[in-house]
>>> print(open('protein_18.csv').read())   # CSV, C-alpha atoms
chain,number,residue,atom,x,y,z
H,208,MET,CA,-69.5,-46.5,25.4
H,209,ALA,CA,-71.1,-43.2,24.8
H,210,ASP,CA,-69.5,-41.7,28.0
H,211,LYS,CA,-66.0,-42.9,27.2
H,212,PRO,CA,-64.1,-40.5,25.0
H,213,LEU,CA,-62.8,-41.7,21.8
H,214,LYS,CA,-59.2,-42.8,21.8
H,215,SER,CA,-58.5,-40.5,18.9
H,216,ASP,CA,-59.9,-37.6,20.8
H,217,THR,CA,-57.8,-38.5,23.8
H,218,ILE,CA,-54.7,-38.6,21.7
H,219,LEU,CA,-55.6,-35.3,20.0
H,220,SER,CA,-56.2,-33.6,23.4
H,221,HIS,CA,-52.8,-34.9,24.6
H,222,ILE,CA,-51.2,-33.5,21.5
H,223,ASP,CA,-52.9,-30.2,22.1
H,224,ALA,CA,-51.7,-30.1,25.7
H,225,HIS,CA,-48.2,-31.0,24.7
H,226,ASN,CA,-48.1,-28.3,22.0
H,227,LEU,CA,-49.5,-25.7,24.5
H,228,ALA,CA,-46.8,-26.7,27.0
H,229,GLU,CA,-44.2,-26.3,24.3
H,230,LYS,CA,-45.5,-22.9,23.4
H,231,ILE,CA,-45.5,-21.8,27.0
H,232,VAL,CA,-41.8,-22.9,27.2
H,233,GLU,CA,-41.1,-20.9,24.0
H,234,ILE,CA,-42.7,-17.7,25.4
H,235,ASP,CA,-40.9,-18.0,28.7
H,236,GLU,CA,-37.5,-18.7,27.1
H,237,PRO,CA,-35.3,-15.6,27.0
H,238,ASN,CA,-34.4,-14.4,23.5
H,239,VAL,CA,-31.2,-12.9,22.4
H,240,SER,CA,-31.1,-10.2,19.8
H,241,PHE,CA,-28.7,-10.4,16.9
H,242,PHE,CA,-27.8,-8.1,14.1
H,243,ILE,CA,-27.2,-10.1,10.9
H,244,PHE,CA,-25.0,-8.9,8.1
H,245,GLN,CA,-23.3,-10.3,5.0
H,246,LEU,CA,-19.7,-10.3,4.2
H,247,GLY,CA,-18.8,-11.9,0.9
H,248,ASP,CA,-20.8,-15.1,0.6
H,249,TYR,CA,-21.1,-15.6,4.4
H,250,LEU,CA,-23.6,-14.5,7.0
H,251,PHE,CA,-22.3,-13.2,10.3
H,252,ALA,CA,-23.9,-11.5,13.3
H,253,PHE,CA,-23.0,-9.3,16.3
H,254,GLY,CA,-25.0,-9.6,19.5
H,255,GLY,CA,-27.5,-6.8,19.7
H,256,SER,CA,-25.7,-5.4,22.8
H,257,GLN,CA,-22.5,-5.0,20.8
H,258,ALA,CA,-23.8,-3.2,17.8
H,259,ARG,CA,-24.7,0.5,18.5
H,260,GLU,CA,-25.4,2.1,15.2
H,261,ILE,CA,-25.4,1.5,11.4
H,262,LEU,CA,-24.0,4.1,9.0
H,263,PRO,CA,-23.7,4.2,5.3
H,264,TYR,CA,-20.0,3.8,4.3
H,265,THR,CA,-18.4,7.2,3.5
H,266,GLY,CA,-14.9,8.1,2.5
H,267,LEU,CA,-12.1,7.3,5.0
H,268,THR,CA,-9.1,9.3,6.0
H,269,TRP,CA,-6.0,7.2,6.1
H,270,ILE,CA,-3.9,7.6,9.2
H,271,PRO,CA,-0.1,7.3,9.1
H,272,GLY,CA,1.1,4.2,10.9
H,273,ALA,CA,-2.3,2.3,10.7
H,274,THR,CA,-2.2,-1.3,9.5
H,275,ALA,CA,-4.3,-2.7,6.6
H,276,LEU,CA,-6.8,-3.9,9.3
H,277,ILE,CA,-7.6,-0.2,10.0
H,278,PRO,CA,-7.9,1.5,6.6
H,279,GLY,CA,-8.8,4.8,8.1
H,280,VAL,CA,-11.0,7.0,10.3
H,281,ILE,CA,-14.3,8.7,9.7
H,282,ASN,CA,-15.7,12.0,10.9
H,283,LEU,CA,-18.7,11.0,13.0
H,284,ARG,CA,-20.8,14.0,13.9
H,285,GLY,CA,-17.8,16.0,15.0
H,286,ASP,CA,-16.0,13.1,16.7
H,287,VAL,CA,-13.7,10.5,15.1
H,288,ALA,CA,-14.1,6.7,14.8
H,289,ALA,CA,-11.7,4.1,13.5
H,290,VAL,CA,-12.9,1.8,10.8
H,291,LEU,CA,-11.9,-1.9,10.8
H,292,ASP,CA,-11.8,-3.9,7.6
H,293,LEU,CA,-13.5,-7.1,8.7
H,294,LYS,CA,-12.6,-8.9,5.4
H,295,GLN,CA,-8.9,-8.3,6.1
H,296,MET,CA,-9.3,-9.5,9.7
H,297,LEU,CA,-11.0,-12.7,8.6
H,298,GLY,CA,-8.6,-13.3,5.8
H,299,MET,CA,-11.3,-13.0,3.2
H,300,ASN,CA,-9.4,-10.4,1.2
H,301,GLU,CA,-6.0,-11.8,0.9
H,302,ALA,CA,-5.6,-11.2,-2.8
H,303,SER,CA,-6.4,-7.5,-2.6
H,304,HIS,CA,-5.8,-4.8,-0.1
H,305,GLU,CA,-8.7,-2.8,-1.5
H,306,THR,CA,-11.2,-1.8,1.1
H,307,THR,CA,-14.7,-2.6,0.2
H,308,GLY,CA,-18.0,-2.4,2.0
H,309,ALA,CA,-21.3,-0.5,2.0
H,310,PHE,CA,-22.1,-0.1,5.7
H,311,LEU,CA,-20.4,0.6,8.9
H,312,VAL,CA,-21.5,-1.1,12.1
H,313,MET,CA,-20.5,1.0,15.1
H,314,VAL,CA,-19.7,-1.3,18.0
H,315,ARG,CA,-19.6,-0.7,21.7
H,316,PRO,CA,-16.5,-2.7,22.8
H,317,GLY,CA,-13.2,-0.9,23.2
H,318,ASP,CA,-13.6,2.9,23.6
H,319,GLY,CA,-16.8,2.8,21.6
H,320,ARG,CA,-15.2,4.7,18.7
H,321,ASN,CA,-14.9,1.8,16.3
H,322,GLY,CA,-16.9,0.9,13.2
H,323,ILE,CA,-16.8,-2.4,11.3
H,324,LEU,CA,-17.1,-2.4,7.6
H,325,VAL,CA,-19.7,-4.9,6.2
H,326,ASP,CA,-21.2,-5.5,2.7
H,327,THR,CA,-25.0,-5.8,3.4
H,328,ILE,CA,-27.3,-5.4,6.3
H,329,VAL,CA,-29.5,-8.5,6.5
H,330,ASP,CA,-31.8,-8.4,9.5
H,331,VAL,CA,-32.2,-7.9,13.2
H,332,VAL,CA,-33.6,-11.0,14.9
H,333,GLU,CA,-34.6,-12.3,18.3
H,334,VAL,CA,-33.3,-15.9,18.7
H,335,PRO,CA,-34.4,-18.1,21.6
H,336,ASN,CA,-31.5,-19.2,23.8
H,337,SER,CA,-32.1,-22.9,22.9
H,338,GLU,CA,-31.4,-22.2,19.3
H,339,ILE,CA,-28.1,-20.6,19.8
H,340,LYS,CA,-25.5,-23.3,19.3
H,341,GLN,CA,-21.8,-23.8,20.0
H,342,VAL,CA,-19.5,-23.0,17.2
H,343,LEU,CA,-19.1,-26.0,14.8
H,344,SER,CA,-15.8,-27.7,15.1
H,345,THR,CA,-15.6,-27.7,11.3
H,346,LEU,CA,-16.0,-23.9,11.0
H,347,ASP,CA,-13.3,-22.3,9.0
H,348,GLU,CA,-10.3,-21.6,11.3
H,349,ARG,CA,-10.1,-18.0,10.0
H,350,PHE,CA,-13.6,-17.3,11.5
H,351,LYS,CA,-13.4,-19.6,14.5
H,352,ARG,CA,-11.0,-17.5,16.6
H,353,PHE,CA,-13.5,-14.6,16.6
H,354,ALA,CA,-16.7,-16.7,16.7
H,355,SER,CA,-18.7,-17.0,19.9
H,356,SER,CA,-21.8,-19.0,18.7
H,357,GLN,CA,-23.9,-19.9,15.7
H,358,PHE,CA,-27.6,-20.0,14.9
H,359,GLU,CA,-29.8,-20.8,11.9
H,360,TYR,CA,-31.5,-18.1,9.9
H,361,ARG,CA,-33.7,-19.0,7.0
H,362,ARG,CA,-31.9,-22.3,6.5
H,363,ASN,CA,-28.5,-20.6,6.6
H,364,LEU,CA,-26.0,-20.9,9.4
H,365,VAL,CA,-25.0,-17.5,10.9
H,366,THR,CA,-21.7,-17.2,12.8
H,367,VAL,CA,-21.9,-14.8,15.7
H,368,LEU,CA,-18.6,-12.7,16.0
H,369,ASP,CA,-17.3,-11.2,19.2
H,370,ALA,CA,-16.6,-7.5,18.4
H,371,ALA,CA,-14.3,-7.3,21.5
H,372,LEU,CA,-12.1,-10.0,20.1
H,373,LEU,CA,-11.9,-8.3,16.7
H,374,ILE,CA,-10.9,-5.0,18.4
H,375,GLU,CA,-8.3,-6.8,20.5
H,376,LYS,CA,-6.8,-8.3,17.3
H,377,ALA,CA,-6.7,-4.9,15.6
H,378,HIS,CA,-4.9,-3.5,18.7
H,379,SER,CA,-2.2,-6.2,18.6
A,1401,MET,CA,-8.2,25.3,34.5
A,1402,VAL,CA,-9.4,22.5,32.1
A,1403,MET,CA,-12.0,24.9,30.7
A,1404,ASP,CA,-9.3,27.5,30.0
A,1405,MET,CA,-7.3,25.0,28.1
A,1406,TYR,CA,-10.3,24.1,25.9
A,1407,GLN,CA,-10.7,27.8,25.1
A,1408,ASN,CA,-7.1,28.1,24.1
A,1409,GLU,CA,-6.3,28.4,20.4
A,1410,LEU,CA,-3.7,26.6,18.4
A,1411,GLN,CA,-2.2,27.9,15.2
A,1412,LEU,CA,-1.6,25.2,12.6
A,1413,LEU,CA,0.3,25.1,9.4
A,1414,ILE,CA,-1.7,23.1,7.0
A,1415,ILE,CA,0.1,20.9,4.4
A,1416,SER,CA,-1.6,18.6,1.9
A,1417,LEU,CA,-0.1,15.3,0.8
A,1418,GLY,CA,-2.2,13.3,-1.6
A,1419,ASP,CA,-5.8,13.9,-0.6
A,1420,ARG,CA,-4.9,14.3,3.1
A,1421,CYS,CA,-4.3,17.4,5.2
A,1422,TYR,CA,-1.8,17.5,7.9
A,1423,GLY,CA,-1.6,20.2,10.6
A,1424,ILE,CA,1.6,21.2,12.4
A,1425,ASP,CA,1.6,23.4,15.5
A,1426,ILE,CA,3.2,26.7,14.5
A,1427,ASP,CA,5.0,26.8,17.8
A,1428,GLN,CA,7.1,23.8,16.7
A,1429,ILE,CA,8.3,25.5,13.6
A,1430,ALA,CA,11.6,27.5,13.7
A,1431,TYR,CA,11.6,28.5,10.0
A,1432,LEU,CA,9.9,27.8,6.7
A,1433,THR,CA,12.4,28.3,3.9
A,1434,ASN,CA,12.7,27.6,0.2
A,1435,PHE,CA,13.9,24.2,-0.9
A,1436,GLU,CA,17.7,23.7,-1.0
A,1437,PRO,CA,19.3,20.4,-1.7
A,1438,THR,CA,20.8,19.1,1.5
A,1439,GLU,CA,22.0,15.7,2.5
A,1440,THR,CA,20.4,15.7,5.9
A,1441,ALA,CA,16.8,16.6,4.7
A,1442,VAL,CA,14.0,14.1,5.0
A,1443,ASP,CA,10.7,14.4,3.2
A,1444,LEU,CA,7.3,14.4,4.9
A,1445,GLU,CA,6.1,11.5,2.8
A,1446,GLN,CA,9.0,9.4,4.2
A,1447,LEU,CA,8.4,10.5,7.8
A,1448,LEU,CA,4.7,9.5,7.7
A,1449,ALA,CA,5.3,6.4,5.5
A,1450,ALA,CA,2.6,7.8,3.3
A,1451,GLY,CA,2.3,7.6,-0.5
A,1452,PRO,CA,4.1,7.7,-2.9
A,1453,PHE,CA,2.1,10.5,-4.3
A,1454,ALA,CA,2.3,11.9,-7.8
A,1455,ASN,CA,1.6,15.4,-6.6
A,1456,CYS,CA,4.6,15.8,-4.4
A,1457,HIS,CA,6.7,18.7,-5.5
A,1458,TYR,CA,8.8,19.6,-2.6
A,1459,SER,CA,9.4,23.4,-2.9
A,1460,ARG,CA,9.8,24.2,0.8
A,1461,MET,CA,11.7,23.1,3.9
A,1462,LEU,CA,10.4,23.1,7.4
A,1463,LEU,CA,12.9,23.6,10.2
A,1464,ILE,CA,11.8,22.3,13.5
A,1465,LYS,CA,12.9,24.1,16.7
A,1466,GLN,CA,15.9,22.4,18.3
A,1467,LYS,CA,16.2,20.1,15.3
A,1468,LEU,CA,17.4,22.6,12.7
A,1469,GLN,CA,19.9,20.2,11.2
A,1470,THR,CA,17.2,17.9,9.8
A,1471,PRO,CA,15.0,20.0,7.4
A,1472,ILE,CA,11.7,18.4,6.4
A,1473,LEU,CA,10.8,18.7,2.7
A,1474,ILE,CA,7.2,19.7,2.1
A,1475,ASN,CA,4.9,21.0,-0.7
A,1476,GLU,CA,3.8,24.6,-0.6
A,1477,PRO,CA,1.7,24.8,2.6
A,1478,ASP,CA,-2.1,25.4,2.0
A,1479,GLU,CA,-2.6,27.9,4.8
A,1480,VAL,CA,-2.1,28.8,8.5
A,1481,THR,CA,-5.3,28.2,10.4
A,1482,THR,CA,-6.4,28.7,14.0
A,1483,CYS,CA,-8.4,26.2,15.9
A,1484,LYS,CA,-9.8,25.8,19.4
A,1485,VAL,CA,-8.1,23.2,21.5
A,1486,GLY,CA,-11.6,21.9,22.4
A,1487,ASP,CA,-12.2,21.1,18.8
A,1488,ILE,CA,-9.3,18.6,18.7
A,1489,ARG,CA,-10.3,14.9,19.0
A,1490,LYS,CA,-8.1,12.2,20.5
A,1491,LEU,CA,-7.3,9.3,18.2
A,1492,PRO,CA,-9.5,6.2,18.8
A,1493,ASP,CA,-7.6,3.9,21.2
A,1494,ILE,CA,-7.1,1.3,18.6
A,1495,LEU,CA,-4.8,3.7,16.6
A,1496,THR,CA,-3.0,5.4,19.4
A,1497,ALA,CA,0.1,3.2,19.4
A,1498,ALA,CA,0.7,2.7,15.7
A,1499,ALA,CA,-0.2,6.3,14.6
A,1500,GLY,CA,1.6,7.7,17.7
A,1501,ASN,CA,4.9,6.4,16.4
A,1502,LYS,CA,4.4,8.5,13.3
A,1503,GLY,CA,3.8,11.6,15.4
A,1504,VAL,CA,0.0,11.6,14.9
A,1505,TRP,CA,-1.4,13.0,18.2
A,1506,GLY,CA,-4.9,14.1,17.3
A,1507,LEU,CA,-7.5,14.9,14.6
A,1508,LEU,CA,-9.3,18.0,13.8
A,1509,PRO,CA,-12.7,17.4,12.3
A,1510,GLN,CA,-13.7,19.8,9.5
A,1511,GLU,CA,-17.0,20.0,7.6
A,1512,ASN,CA,-16.0,17.5,4.9
A,1513,ASN,CA,-12.7,16.1,6.1
A,1514,LEU,CA,-10.2,15.7,8.9
A,1515,ILE,CA,-6.9,17.4,9.6
A,1516,ILE,CA,-4.3,15.0,10.9
A,1517,LEU,CA,-2.2,16.7,13.6
A,1518,ILE,CA,1.5,15.8,13.6
A,1519,ASP,CA,4.0,16.4,16.3
A,1520,PHE,CA,7.5,15.8,14.8
A,1521,TYR,CA,9.0,15.4,18.2
A,1522,LYS,CA,7.0,12.2,18.6
A,1523,ASN,CA,7.8,10.9,15.1
A,1524,HIS,CA,10.1,7.9,15.7
A,1525,LEU,CA,11.9,8.2,12.3
A,1526,PHE,CA,12.5,11.9,12.9
A,1527,LYS,CA,13.7,11.3,16.4
A,1528,GLN,CA,16.1,8.6,15.1
A,1529,LEU,CA,17.4,10.8,12.3
A,1530,THR,CA,18.0,13.8,14.5
A,1531,ARG,CA,19.5,11.7,17.3
A,1532,THR,CA,22.1,10.4,14.8
A,1533,ILE,CA,22.9,13.9,13.6
A,1534,ASP,CA,23.0,15.2,17.2
A,1535,LYS,CA,25.5,12.4,18.1
A,1536,GLN,CA,27.6,13.3,15.0
A,1537,ILE,CA,27.6,17.0,15.9
A,1538,TYR,CA,28.3,16.2,19.6
A,1539,GLY,CA,31.1,13.8,18.6
A,1540,ALA,CA,32.7,16.4,16.3
A,1541,VAL,CA,32.5,19.1,19.0
A,1542,THR,CA,33.9,16.9,21.7
A,1543,ARG,CA,36.7,15.7,19.3
A,1544,SER,CA,37.7,19.3,18.4
A,1545,GLU,CA,37.6,20.2,22.1
A,1546,TYR,CA,39.9,17.3,22.9
A,1547,LYS,CA,42.4,18.4,20.3
>>> encode(input="protein_18.csv", output="structure tokens")
Amino acid sequence: MADKPLKSDTILSHIDAHNLAEKIVEIDEPNVSFFIFQLGDYLFAFGGSQAREILPYTGLTWIPGATALIPGVINLRGDVAAVLDLKQMLGMNEASHETTGAFLVMVRPGDGRNGILVDTIVDVVEVPNSEIKQVLSTLDERFKRFASSQFEYRRNLVTVLDAALLIEKAHS
Amino acid sequence: MVMDMYQNELQLLIISLGDRCYGIDIDQIAYLTNFEPTETAVDLEQLLAAGPFANCHYSRMLLIKQKLQTPILINEPDEVTTCKVGDIRKLPDILTAAAGNKGVWGLLPQENNLIILIDFYKNHLFKQLTRTIDKQIYGAVTRSEYK
């Protein structure tokens, strides 16, 4: 009786072993970095490989012929970058053509000379692959065509946007 | 050869419209004259689909080489400036097609702003207007020759 381990101890050691195995899986699992930002009441993200730099929003120079999706360009350390109005692209600003935003996220897709206007920078996170989900079928159609995946961040659902698709849309 | 081109200088006539500055290559300009009412003139605001601006007081006319019959109405120019070709930046790809139709071919970054470079020979509306007038003139000439 004394040599035989208690059933409760056996169960606990099994639980410990299982938890350890889970932890090991978590460590081995590759993470993907995301840059989370807010636009209106929604949380969106770009994959870390797509976002290059964050700049405070400065005045824009309007360019003749540009559509409402591209309200202007900025002087970026002696070069020039186009600014995309994400609210217009996602149909979140239909009532007004006013360009609003506080930060510019410079993105790599296209010729690398494009910035996307966002309201608030939220966080940069590393998300395990297993927590990155397919886009919900119920996601707003306006967002769905630019969305590549979704994940949870502090109990909020974050929609990952594909910057390449946004640039393609602005081109067309 | 490329290096030489980068060292070349370009003289630009700078014109303001609203809070934006536009630069026109001096080589493209035949004359800068005082404003005179003429039926065939077109204003810069219209060519660029910019504005309307409250501060547009067209006092001058630009006459573009080989397109003298279509004067462009402008405000009093700000200045003539010289820039190095190497300081001119291409438009971001995303803007090339749409802005190119308006004749925008490059941007010149300044300390606090950007000068938008305009080539009137590439402006679709200007090309269309001058083509119509060219046709009218050519038609009149050929008709008179026929008689």
>>> residues_around(input="protein_18.csv", residues="region 283-291 of chain H", least_positions_apart="3", cutoff="7 Å", atoms="only C-alpha atoms", output="PyMOL selection string")
(chain H and resi 276-280+320-324) or (chain A and resi 1489+1492+1509)
>>> atom_distance(input="protein_18.csv", atom1="CA of Asn1512 (chain A)", atom2="CA of Thr1496 (chain A)")
22.9 Å
>>> closest_residue(input="protein_18.csv", among="A:Gly1503, A:Gln1466, A:Asp1478, A:Tyr1431", to="Leu1517 (chain A)", atoms="all atoms listed in the file")
A:Gly1503
>>> closest_residue(input="protein_18.csv", among="A:Arg1420, A:Ser1459, A:Asn1523, A:Asp1427", to="chain H", atoms="all atoms listed in the file")
A:Arg1420
>>> residues_around(input="protein_18.csv", residues="Val342 (chain H)", least_positions_apart="4", cutoff="12 Å", atoms="only C-alpha atoms", output="ChimeraX atom specification")
/H:346-348,350-359,364-368
>>> interface_residues(input="protein_18.csv", of="chain A", to="chain H", cutoff="8 Å", atoms="all atoms listed in the file", output="number ranges by chain")
A: 1420, 1448-1450, 1489-1495, 1498-1502, 1504, 1507, 1509-1510, 1513-1514, 1516
>>> closest_residue(input="protein_18.csv", among="H:Leu311, H:Leu246, H:Ala371, H:Leu213", to="Thr265 (chain H)", atoms="only C-alpha atoms")
H:Leu311
>>> atom_distance(input="protein_18.csv", atom1="CA of Ala309 (chain H)", atom2="CA of Ala252 (chain H)")
16.0 Å
>>> atom_distance(input="protein_18.csv", atom1="CA of Leu1525 (chain A)", atom2="CA of Gln1428 (chain A)")
16.9 Å
>>> residues_around(input="protein_18.csv", residues="Glu1476 (chain A)", least_positions_apart="5", cutoff="9 Å", atoms="all atoms listed in the file", output="list in words")
Ile1415, Ser1416, His1457, Tyr1458, Ser1459 and Arg1460 of chain A
>>> closest_residue(input="protein_18.csv", among="A:Leu1447, A:Thr1482, A:Leu1412, A:Leu1463", to="Lys1522 (chain A)", atoms="all atoms listed in the file")
A:Leu1447
>>> closest_residue(input="protein_18.csv", among="H:Phe241, H:Lys214, H:Arg349, H:Glu333", to="Gln295 (chain H)", atoms="only C-alpha atoms")
H:Arg349
>>> residues_around(input="protein_18.csv", residues="Ile261 (chain H)", least_positions_apart="4", cutoff="8 Å", atoms="only C-alpha atoms", output="list in words")
Phe310, Leu311, Val312 and Met313 of chain H
